[in-house]
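Source file: coords.tsv (TSV, C-alpha atoms)
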```
chain	number	residue	atom	x	y	z
V	1322	MET	CA	6.96	0.85	10.22
V	1323	THR	CA	6.57	-0.39	6.68
V	1324	TYR	CA	4.97	0.48	3.37
V	1325	CYS	CA	3.09	-1.88	1.08
V	1326	VAL	CA	0.94	-1.11	-1.95
V	1327	ALA	CA	-1.22	-3.32	-4.16
V	1328	ILE	CA	-2.92	-2.20	-7.37
V	1329	LYS	CA	-5.80	-3.87	-9.24
V	1330	LEU	CA	-6.01	-3.11	-12.96
V	1331	ASN	CA	-7.90	-4.48	-15.93
V	1332	ALA	CA	-4.63	-6.05	-17.09
V	1333	GLY	CA	-3.60	-7.60	-13.78
V	1334	LEU	CA	-2.27	-6.91	-10.30
V	1335	VAL	CA	0.85	-5.21	-8.93
V	1336	PHE	CA	2.20	-5.80	-5.42
V	1337	LEU	CA	5.14	-3.97	-3.82
V	1338	SER	CA	6.51	-4.03	-0.27
V	1339	ASP	CA	9.56	-2.82	1.59
V	1340	SER	CA	11.33	-4.95	4.21
V	1341	ARG	CA	12.30	-2.62	7.05
V	1342	THR	CA	11.11	-3.04	10.63
V	1343	ASN	CA	12.29	-1.16	13.66
V	1344	ALA	CA	11.72	-1.04	17.39
V	1345	GLY	CA	13.56	2.20	18.06
V	1346	LEU	CA	16.34	4.17	16.44
V	1347	ASP	CA	19.01	1.63	17.32
V	1348	HIS	CA	17.10	-1.56	16.46
V	1349	ILE	CA	16.43	-1.78	12.72
V	1350	SER	CA	15.93	-5.14	11.03
V	1351	THR	CA	14.92	-6.58	7.67
V	1352	PHE	CA	11.87	-8.83	7.40
V	1353	ARG	CA	9.90	-9.54	4.25
V	1354	LYS	CA	6.29	-8.31	4.26
V	1355	MET	CA	5.11	-10.24	1.19
V	1356	ILE	CA	4.27	-13.88	0.61
V	1357	VAL	CA	3.10	-15.52	-2.63
V	1358	TYR	CA	0.75	-18.53	-2.76
V	1359	GLU	CA	0.66	-20.19	-6.16
V	1360	LYS	CA	-0.85	-23.33	-7.68
V	1361	PRO	CA	-0.16	-22.81	-11.41
V	1362	GLY	CA	-3.33	-23.11	-13.44
V	1363	ASP	CA	-5.53	-23.04	-10.33
V	1364	ARG	CA	-4.80	-20.03	-8.12
V	1365	PHE	CA	-2.38	-17.16	-7.52
V	1366	MET	CA	-2.55	-15.11	-4.33
V	1367	VAL	CA	-0.33	-12.54	-2.62
V	1368	LEU	CA	-0.42	-11.38	1.01
V	1369	LEU	CA	1.12	-8.09	2.21
V	1370	THR	CA	1.44	-7.40	5.94
V	1371	ALA	CA	2.04	-4.36	8.12
V	1372	GLY	CA	1.75	-3.65	11.83
V	1373	ASN	CA	3.05	-5.72	14.73
V	1374	LEU	CA	5.61	-8.12	13.26
V	1375	SER	CA	4.96	-10.97	15.70
V	1376	ILE	CA	1.23	-10.83	14.94
V	1377	SER	CA	1.69	-10.74	11.17
V	1378	GLN	CA	4.16	-13.64	11.28
V	1379	SER	CA	1.72	-15.70	13.36
V	1380	VAL	CA	-1.11	-14.92	10.94
V	1381	ARG	CA	1.01	-15.99	7.97
V	1382	GLU	CA	1.94	-19.26	9.68
V	1383	ILE	CA	-1.63	-20.11	10.68
V	1384	LEU	CA	-3.03	-19.15	7.27
V	1385	GLN	CA	-1.20	-22.08	5.69
V	1386	THR	CA	-3.54	-24.55	7.40
V	1387	GLU	CA	-6.49	-22.44	8.65
V	1388	GLU	CA	-9.95	-23.85	7.89
V	1389	ILE	CA	-13.47	-22.44	8.05
V	1390	ARG	CA	-16.75	-24.31	7.84
V	1391	ASP	CA	-18.39	-24.75	4.45
V	1392	PRO	CA	-22.02	-23.57	4.78
V	1393	ALA	CA	-23.01	-26.15	2.14
V	1394	GLY	CA	-21.65	-28.96	4.30
V	1395	GLY	CA	-18.63	-29.81	2.17
V	1396	GLU	CA	-15.03	-30.11	3.26
V	1397	PRO	CA	-13.63	-27.21	5.29
V	1398	ILE	CA	-12.53	-24.20	3.25
V	1399	THR	CA	-8.82	-23.27	3.13
V	1400	ILE	CA	-6.89	-20.86	0.95
V	1401	TRP	CA	-5.85	-23.90	-1.10
V	1402	ASN	CA	-9.36	-25.12	-1.99
V	1403	ALA	CA	-11.48	-21.95	-1.73
V	1404	LYS	CA	-13.63	-21.46	-4.82
V	1405	SER	CA	-13.41	-17.66	-4.61
V	1406	MET	CA	-11.03	-15.00	-3.37
V	1407	PHE	CA	-13.83	-13.82	-1.08
V	1408	ASP	CA	-13.78	-17.18	0.71
V	1409	ALA	CA	-9.98	-17.10	0.82
V	1410	ALA	CA	-10.19	-13.65	2.46
V	1411	ARG	CA	-12.66	-15.12	5.00
V	1412	VAL	CA	-10.05	-17.76	5.84
V	1413	LEU	CA	-7.49	-15.00	6.36
V	1414	GLY	CA	-9.92	-13.18	8.68
V	1415	SER	CA	-10.35	-16.38	10.65
V	1416	ALA	CA	-6.58	-16.76	10.99
V	1417	ILE	CA	-6.33	-13.21	12.37
V	1418	ARG	CA	-9.07	-13.90	14.93
V	1419	ARG	CA	-7.34	-17.12	15.97
V	1420	VAL	CA	-4.13	-15.20	16.69
V	1421	TYR	CA	-6.18	-12.59	18.59
V	1422	GLU	CA	-7.75	-15.28	20.77
V	1423	HIS	CA	-4.31	-16.66	21.60
V	1424	ASP	CA	-2.25	-13.47	22.03
V	1425	ALA	CA	-4.45	-10.43	22.61
V	1426	ARG	CA	-4.74	-10.75	26.40
V	1427	ALA	CA	-1.00	-11.17	26.89
V	1428	LEU	CA	-0.31	-8.22	24.60
V	1429	ARG	CA	-2.86	-6.10	26.44
V	1430	ASN	CA	-1.27	-6.95	29.79
V	1431	ASP	CA	1.99	-5.57	28.41
V	1432	ASP	CA	0.27	-2.43	27.04
V	1433	VAL	CA	0.69	-3.56	23.44
V	1434	GLY	CA	-2.24	-3.20	21.07
V	1435	PHE	CA	-3.34	-5.90	18.64
V	1436	ASN	CA	-2.29	-4.10	15.48
V	1437	VAL	CA	-2.07	-5.71	12.06
V	1438	SER	CA	-3.04	-4.52	8.58
V	1439	LEU	CA	-3.01	-6.71	5.51
V	1440	VAL	CA	-3.67	-6.61	1.79
V	1441	PHE	CA	-4.69	-9.87	0.13
V	1442	GLY	CA	-5.31	-10.30	-3.57
V	1443	GLY	CA	-5.08	-12.61	-6.51
V	1444	GLN	CA	-7.18	-14.84	-8.71
V	1445	ILE	CA	-8.75	-18.29	-8.40
V	1446	LYS	CA	-9.73	-20.28	-11.49
V	1447	GLY	CA	-13.34	-19.61	-12.43
V	1448	GLU	CA	-13.56	-16.00	-11.27
V	1449	GLY	CA	-11.91	-12.64	-11.91
V	1450	MET	CA	-9.12	-11.01	-9.96
V	1451	ARG	CA	-9.97	-9.54	-6.56
V	1452	LEU	CA	-8.12	-7.40	-4.04
V	1453	PHE	CA	-8.94	-6.92	-0.34
V	1454	GLN	CA	-7.71	-4.81	2.55
V	1455	VAL	CA	-8.02	-6.75	5.80
V	1456	TYR	CA	-8.15	-5.18	9.27
V	1457	SER	CA	-7.20	-6.28	12.78
V	1458	PRO	CA	-10.66	-7.72	13.62
V	1459	GLY	CA	-10.51	-9.90	10.48
V	1460	ASN	CA	-13.06	-7.91	8.48
V	1461	PHE	CA	-12.19	-6.57	5.04
V	1462	ILE	CA	-13.13	-4.33	2.13
V	1463	GLU	CA	-12.66	-4.93	-1.59
V	1464	ALA	CA	-11.01	-2.76	-4.24
V	1465	THR	CA	-13.29	-1.22	-6.87
V	1466	GLU	CA	-12.83	0.77	-10.07
V	1467	GLU	CA	-13.16	3.94	-7.98
V	1468	THR	CA	-10.56	2.68	-5.48
V	1469	PRO	CA	-8.21	0.46	-7.49
V	1470	TYR	CA	-5.35	0.30	-4.99
V	1471	PHE	CA	-4.71	-0.28	-1.29
V	1472	GLN	CA	-1.83	0.85	0.91
V	1473	VAL	CA	-0.81	-0.31	4.38
V	1474	GLY	CA	1.84	1.12	6.66
V	1475	GLU	CA	3.38	4.52	5.96
V	1476	SER	CA	1.02	5.48	3.15
V	1477	LYS	CA	0.82	9.27	2.98
V	1478	TYR	CA	4.04	10.07	1.11
V	1479	GLY	CA	3.38	7.64	-1.72
V	1480	LYS	CA	-0.31	8.36	-2.23
V	1481	PRO	CA	-0.23	11.52	-4.43
V	1482	VAL	CA	1.49	9.86	-7.40
V	1483	LEU	CA	-0.89	6.88	-7.22
V	1484	ASP	CA	-3.91	9.20	-7.26
V	1485	ARG	CA	-2.59	11.03	-10.31
V	1486	VAL	CA	-1.55	8.00	-12.37
V	1487	ILE	CA	-3.48	4.86	-11.48
V	1488	ARG	CA	-6.68	4.06	-13.38
V	1489	PRO	CA	-8.22	0.63	-14.11
V	1490	GLU	CA	-6.96	0.88	-17.69
V	1491	THR	CA	-3.36	1.71	-16.68
V	1492	PRO	CA	-0.92	-0.81	-18.26
V	1493	LEU	CA	0.82	-3.20	-15.87
V	1494	ASP	CA	4.37	-1.97	-16.52
V	1495	GLU	CA	3.29	1.64	-16.04
V	1496	ALA	CA	1.57	0.71	-12.77
V	1497	ALA	CA	4.69	-1.11	-11.57
V	1498	LYS	CA	6.74	2.01	-12.33
V	1499	CYS	CA	4.20	4.14	-10.47
V	1500	ALA	CA	4.32	1.82	-7.45
V	1501	LEU	CA	8.13	2.10	-7.38
V	1502	VAL	CA	7.94	5.90	-7.57
V	1503	SER	CA	5.42	5.79	-4.72
V	1504	MET	CA	7.82	3.66	-2.67
V	1505	ASP	CA	10.81	5.86	-3.53
V	1506	SER	CA	8.89	8.97	-2.43
V	1507	THR	CA	8.07	7.25	0.86
V	1508	MET	CA	11.66	6.19	1.51
V	1509	LYS	CA	12.85	9.73	0.73
V	1510	SER	CA	10.63	11.18	3.48
V	1511	ASN	CA	10.60	8.38	6.07
V	1512	LEU	CA	13.65	6.45	7.25
V	1513	SER	CA	11.47	3.70	8.73
V	1514	VAL	CA	10.79	2.41	5.18
V	1515	GLY	CA	13.71	0.92	3.31
V	1516	LEU	CA	15.30	-1.50	0.86
V	1517	PRO	CA	15.24	-4.24	-0.23
V	1518	LEU	CA	11.86	-4.25	-1.97
V	1519	ASP	CA	9.76	-7.16	-3.20
V	1520	LEU	CA	7.83	-6.59	-6.44
V	1521	VAL	CA	5.30	-8.96	-8.00
V	1522	VAL	CA	3.43	-8.31	-11.26
V	1523	TYR	CA	0.55	-10.65	-12.15
V	1524	GLU	CA	-1.12	-10.80	-15.58
V	1525	ALA	CA	-4.88	-11.37	-15.54
V	1526	ASP	CA	-6.06	-14.98	-16.02
V	1527	SER	CA	-2.52	-16.39	-16.07
V	1528	LEU	CA	-2.90	-18.06	-12.63
V	1529	LYS	CA	0.87	-17.88	-12.19
V	1530	SER	CA	3.64	-15.30	-12.37
V	1531	ASP	CA	7.33	-15.25	-13.10
V	1532	LYS	CA	7.52	-11.46	-12.69
V	1533	ILE	CA	8.84	-11.59	-9.15
V	1534	VAL	CA	11.93	-9.61	-8.19
V	1535	CYS	CA	13.82	-8.50	-5.09
V	1536	ILE	CA	15.17	-4.96	-5.55
V	1537	ASP	CA	18.18	-3.76	-3.56
V	1538	GLN	CA	20.37	-0.66	-3.76
V	1539	ASP	CA	22.36	-2.14	-6.65
V	1540	ASN	CA	19.35	-2.79	-8.90
V	1541	PRO	CA	20.00	-0.82	-12.15
V	1542	TYR	CA	16.34	-0.10	-12.92
V	1543	TYR	CA	15.67	1.19	-9.43
V	1544	GLN	CA	18.75	3.40	-9.49
V	1545	MET	CA	17.71	4.83	-12.88
V	1546	MET	CA	14.15	5.46	-11.68
V	1547	HIS	CA	15.29	7.00	-8.38
V	1548	ASN	CA	17.72	9.41	-10.10
V	1549	SER	CA	15.37	10.25	-12.98
V	1550	TRP	CA	12.37	10.92	-10.76
V	1551	GLY	CA	14.27	13.35	-8.55
V	1552	HIS	CA	15.82	15.12	-11.55
V	1553	LYS	CA	12.60	15.36	-13.58
V	1554	LEU	CA	10.61	16.51	-10.55
V	1555	ARG	CA	13.09	19.33	-10.04
V	1556	GLN	CA	12.84	20.25	-13.75
V	1557	VAL	CA	9.04	20.42	-13.59
V	1558	PHE	CA	9.22	22.50	-10.42
V	1559	ASP	CA	11.68	24.93	-12.01
V	1560	SER	CA	9.46	25.26	-15.10
V	1561	ILE	CA	6.56	26.70	-13.03
V	1562	GLU	CA	6.61	30.49	-12.84
V	1563	ASP	CA	7.37	32.02	-9.44
V	1564	PRO	CA	4.56	34.14	-7.92
V	1565	VAL	CA	4.76	37.83	-8.88
V	1566	TRP	CA	3.93	40.23	-6.02
V	1567	ASP	CA	4.65	43.68	-7.52
V	1568	ASP	CA	3.03	45.34	-10.53
V	1569	ALA	CA	5.19	43.57	-13.10
V	1570	HIS	CA	3.25	42.08	-15.99
V	1571	THR	CA	2.23	38.43	-15.70
V	1572	GLU	CA	-0.54	36.34	-17.19
V	1573	THR	CA	-0.95	34.51	-13.89
V	1574	PRO	CA	-1.07	37.11	-11.09
V	1575	ILE	CA	-1.28	35.79	-7.55
V	1576	LYS	CA	-2.36	39.02	-5.85
V	1577	MET	CA	-5.97	39.12	-6.99
V	1578	PRO	CA	-9.22	39.60	-5.02
V	1579	ALA	CA	-10.76	36.28	-4.02
V	1580	GLY	CA	-14.27	35.85	-5.39
V	1581	ARG	CA	-16.06	35.08	-2.12
V	1582	HIS	CA	-13.53	35.73	0.61
V	1583	ALA	CA	-11.85	38.76	2.16
V	1584	VAL	CA	-8.09	39.14	2.56
V	1585	LEU	CA	-6.70	37.87	5.86
V	1586	LYS	CA	-7.10	40.52	8.56
V	1587	LYS	CA	-4.03	41.88	10.33
V	1588	ILE	CA	-4.14	42.48	14.09
V	1589	SER	CA	-2.36	45.72	15.02
V	1590	THR	CA	-3.38	46.45	18.64
V	1591	PRO	CA	-4.27	44.40	21.72
V	1592	GLN	CA	-7.81	45.88	21.67
V	1593	GLU	CA	-8.78	44.58	18.23
V	1594	LYS	CA	-11.27	41.70	18.12
V	1595	LEU	CA	-10.32	38.55	16.31
V	1596	ILE	CA	-13.84	38.15	14.88
```
Any chance you could give the structure as structure tokens?
Amino acid sequence: MTYCVAIKLNAGLVFLSDSRTNAGLDHISTFRKMIVYEKPGDRFMVLLTAGNLSISQSVREILQTEEIRDPAGGEPITIWNAKSMFDAARVLGSAIRRVYEHDARALRNDDVGFNVSLVFGGQIKGEGMRLFQVYSPGNFIEATEETPYFQVGESKYGKPVLDRVIRPETPLDEAAKCALVSMDSTMKSNLSVGLPLDLVVYEADSLKSDKIVCIDQDNPYYQMMHNSWGHKLRQVFDSIEDPVWDDAHTETPIKMPAGRHAVLKKISTPQEKLI
């Protein structure tokens, strides 16, 4: 299992991934799930991978040299010469299908599904930033203002904080903090996601980034964030009034008639009907 998140903002892009893989409780390993492709001044792209590790590693290897036909009759399109992120995502889809053609039958014969999920985003000179979620068949969807982030892997624990914080106008540093809180929440609830983490922050139109960091258990910012988030969350929880069930005065009573629904019916005898 793994957890990766990528966020598209007006100010730039944020990518975060863990590095834990496991094939059972007694076989836990560390493999990086993120790779950065950069030609300063021309293009900056990041790939996040989740799912079957052997498939994702094969896709990453093939993507380096994968080509698709140019409909206009020019030279074949690769991630290194694509004129748009959409075309680069098409190349990635082609690389996935190539791995499927080579490995799917053997995997199926061993009762292993062809399972890979990827997030691919960045910017190519001449167009704006774009972010895609790519599926096992090689098809993909693109992030929008309504859906400005994608997650792959163990996504459910880290989603609530993203939904509450992330907007297109969110500043980059705030989004990076939110992504780390999302990851920390996931690691707290699921042992199959773990350190070290890879974090990349990309500023719009820069076509390069030096904000790339590997975060381990000794990272001072991560330790501060981890401790502060748990402490502040407990403080907020404690500040919310407990429900009052008796007749004591409260401005927020819980035992009130529901506007359109009856109170849950109790069953007292075997003869009573449920409906």
Residue nearest Glu1387 in chain V among V:Ser1415, V:Asn1373, V:Gln1472, V:Ser1438 (counting all atoms listed in the file):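 Smallest distance to Glu1387 in chain V is found for V:Ser1415.
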What's the 10 Å shell around range 1454-1457 of chain V, counting only C-alpha atoms, without same-chain residues fewer than 6 positions away, as JSON, numbers by chain? {"V": [1327, 1368, 1369, 1370, 1372, 1376, 1410, 1411, 1413, 1414, 1417, 1418, 1421, 1435, 1436, 1437, 1438, 1439, 1440, 1441, 1442, 1463, 1464, 1470, 1471, 1472, 1473]}
Show me, as a list of chain:residue names, the residues that have an atom within 10 Å of Ile1445 in chain V when counting all atoms listed in the file, minus same-chain residues fewer than 2 positions from it. V:Glu1359, V:Lys1360, V:Gly1362, V:Asp1363, V:Arg1364, V:Phe1365, V:Met1366, V:Ile1400, V:Trp1401, V:Asn1402, V:Ala1403, V:Lys1404, V:Ser1405, V:Met1406, V:Phe1407, V:Ala1409, V:Gly1442, V:Gly1443, V:Gly1447, V:Glu1448, V:Gly1449, V:Met1450, V:Arg1451, V:Asp1526, V:Leu1528
Interatomic distance, CA of Glu1495 in chain V to CA of Thr1351 in chain V (Å, one decimal):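 Pair CA of Glu1495 in chain V / CA of Thr1351 in chain V returns 27.7 Å.
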At what distance in Å, to one decimal, does CA of Glu1382 in chain V lie from CA of Val1367 in chain V?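 Interatomic distance here is 14.2 Å.
For the atom pair formed by CA of Leu1452 in chain V and CA of Lys1329 in chain V, the distance is 6.7 Å, given to one decimal.
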If I put a ball of radius 7 Å at (4.9, 0.6, 12.1) in the file's coordinates, which residues poke into it when counting all atoms listed in the file, written as a VMD selection string? chain V and resid 1322 to 1323 1371 to 1372 1474
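Shortest atom-to-atom contact with Gln1444 in chain V among V:Ala1525, V:Ile1588, V:Ile1349, V:Leu1501: V:Ala1525, counting all atoms listed in the file.
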Residues within 8 Å of Val1486 in chain V, all atoms listed in the file, excluding chain neighbours under 3 positions, as a list in words: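 The neighbour list is Val1482, Leu1483, Thr1491, Ala1496 and Cys1499 of chain V.
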Within 12 Å of Glu1572 in chain V using all atoms listed in the file, minus same-chain residues under 6 positions, as a ChimeraX atom specification: /V:1562-1565
Please list as a count of residues only every residue within 12 Å of Lys1498 in chain V, counting all atoms listed in the file and excluding residues in the same chain fewer than 5 positions away. 24
How about completing range 1413-1424 of chain V with all heavy atoms and giving it to me as a short mmCIF file (atom, residue, chain, number, x, y, z; two decimals), in the frame of the given file?
```
data_model
loop_
_atom_site.label_atom_id
_atom_site.label_comp_id
_atom_site.auth_asym_id
_atom_site.auth_seq_id
_atom_site.Cartn_x
_atom_site.Cartn_y
_atom_site.Cartn_z
N LEU V 1413 -8.49 -15.90 5.79
CA LEU V 1413 -7.49 -15.00 6.36
C LEU V 1413 -8.05 -14.29 7.59
O LEU V 1413 -7.37 -14.18 8.62
CB LEU V 1413 -7.05 -13.98 5.31
CG LEU V 1413 -6.09 -12.87 5.78
CD1 LEU V 1413 -4.82 -13.45 6.39
CD2 LEU V 1413 -5.76 -11.94 4.62
N GLY V 1414 -9.29 -13.81 7.52
CA GLY V 1414 -9.92 -13.18 8.68
C GLY V 1414 -10.00 -14.12 9.85
O GLY V 1414 -9.77 -13.72 11.00
N SER V 1415 -10.30 -15.38 9.59
CA SER V 1415 -10.35 -16.38 10.65
C SER V 1415 -8.98 -16.60 11.28
O SER V 1415 -8.86 -16.76 12.51
CB SER V 1415 -10.89 -17.70 10.09
OG SER V 1415 -10.90 -18.72 11.06
N ALA V 1416 -7.93 -16.60 10.47
CA ALA V 1416 -6.58 -16.76 10.99
C ALA V 1416 -6.21 -15.59 11.91
O ALA V 1416 -5.58 -15.78 12.97
CB ALA V 1416 -5.58 -16.88 9.84
N ILE V 1417 -6.60 -14.38 11.53
CA ILE V 1417 -6.33 -13.21 12.37
C ILE V 1417 -7.04 -13.36 13.71
O ILE V 1417 -6.46 -13.11 14.78
CB ILE V 1417 -6.78 -11.92 11.66
CG1 ILE V 1417 -5.94 -11.68 10.41
CG2 ILE V 1417 -6.64 -10.72 12.60
CD1 ILE V 1417 -6.46 -10.56 9.54
N ARG V 1418 -8.31 -13.76 13.69
CA ARG V 1418 -9.07 -13.90 14.93
C ARG V 1418 -8.50 -15.02 15.81
O ARG V 1418 -8.53 -14.92 17.05
CB ARG V 1418 -10.55 -14.15 14.61
CG ARG V 1418 -11.25 -12.89 14.09
CD ARG V 1418 -12.74 -13.10 13.94
NE ARG V 1418 -13.06 -13.91 12.79
CZ ARG V 1418 -13.28 -13.43 11.57
NH1 ARG V 1418 -13.19 -12.12 11.35
NH2 ARG V 1418 -13.59 -14.23 10.57
N ARG V 1419 -7.96 -16.04 15.18
CA ARG V 1419 -7.34 -17.12 15.97
C ARG V 1419 -6.11 -16.60 16.72
O ARG V 1419 -5.89 -16.92 17.90
CB ARG V 1419 -6.97 -18.29 15.07
CG ARG V 1419 -6.50 -19.52 15.85
CD ARG V 1419 -6.18 -20.65 14.89
NE ARG V 1419 -7.37 -21.11 14.19
CZ ARG V 1419 -8.22 -22.02 14.67
NH1 ARG V 1419 -8.00 -22.56 15.86
NH2 ARG V 1419 -9.26 -22.39 13.98
N VAL V 1420 -5.29 -15.79 16.03
CA VAL V 1420 -4.13 -15.20 16.69
C VAL V 1420 -4.59 -14.25 17.81
O VAL V 1420 -3.99 -14.21 18.89
CB VAL V 1420 -3.25 -14.45 15.67
CG1 VAL V 1420 -2.10 -13.73 16.38
CG2 VAL V 1420 -2.69 -15.43 14.64
N TYR V 1421 -5.65 -13.50 17.56
CA TYR V 1421 -6.18 -12.59 18.59
C TYR V 1421 -6.60 -13.37 19.83
O TYR V 1421 -6.27 -12.98 20.96
CB TYR V 1421 -7.37 -11.82 18.03
CG TYR V 1421 -7.98 -10.87 19.02
CD1 TYR V 1421 -7.50 -9.57 19.15
CD2 TYR V 1421 -9.03 -11.27 19.86
CE1 TYR V 1421 -8.04 -8.69 20.08
CE2 TYR V 1421 -9.58 -10.40 20.78
CZ TYR V 1421 -9.08 -9.11 20.89
OH TYR V 1421 -9.62 -8.24 21.82
N GLU V 1422 -7.30 -14.46 19.63
CA GLU V 1422 -7.75 -15.28 20.77
C GLU V 1422 -6.57 -15.78 21.59
O GLU V 1422 -6.63 -15.89 22.82
CB GLU V 1422 -8.59 -16.46 20.28
CG GLU V 1422 -9.93 -16.07 19.68
CD GLU V 1422 -10.60 -17.22 18.98
OE1 GLU V 1422 -10.01 -18.34 18.98
OE2 GLU V 1422 -11.70 -17.03 18.42
N HIS V 1423 -5.47 -16.08 20.92
CA HIS V 1423 -4.31 -16.66 21.60
C HIS V 1423 -3.43 -15.60 22.26
O HIS V 1423 -2.90 -15.82 23.36
CB HIS V 1423 -3.48 -17.46 20.59
CG HIS V 1423 -2.35 -18.23 21.20
ND1 HIS V 1423 -1.09 -17.69 21.37
CD2 HIS V 1423 -2.28 -19.49 21.72
CE1 HIS V 1423 -0.30 -18.59 21.93
NE2 HIS V 1423 -0.99 -19.69 22.15
N ASP V 1424 -3.27 -14.42 21.61
CA ASP V 1424 -2.25 -13.47 22.03
C ASP V 1424 -2.76 -12.15 22.59
O ASP V 1424 -2.00 -11.43 23.25
CB ASP V 1424 -1.32 -13.13 20.85
CG ASP V 1424 -0.48 -14.33 20.41
OD1 ASP V 1424 -0.36 -15.29 21.19
OD2 ASP V 1424 0.04 -14.31 19.28
#
```
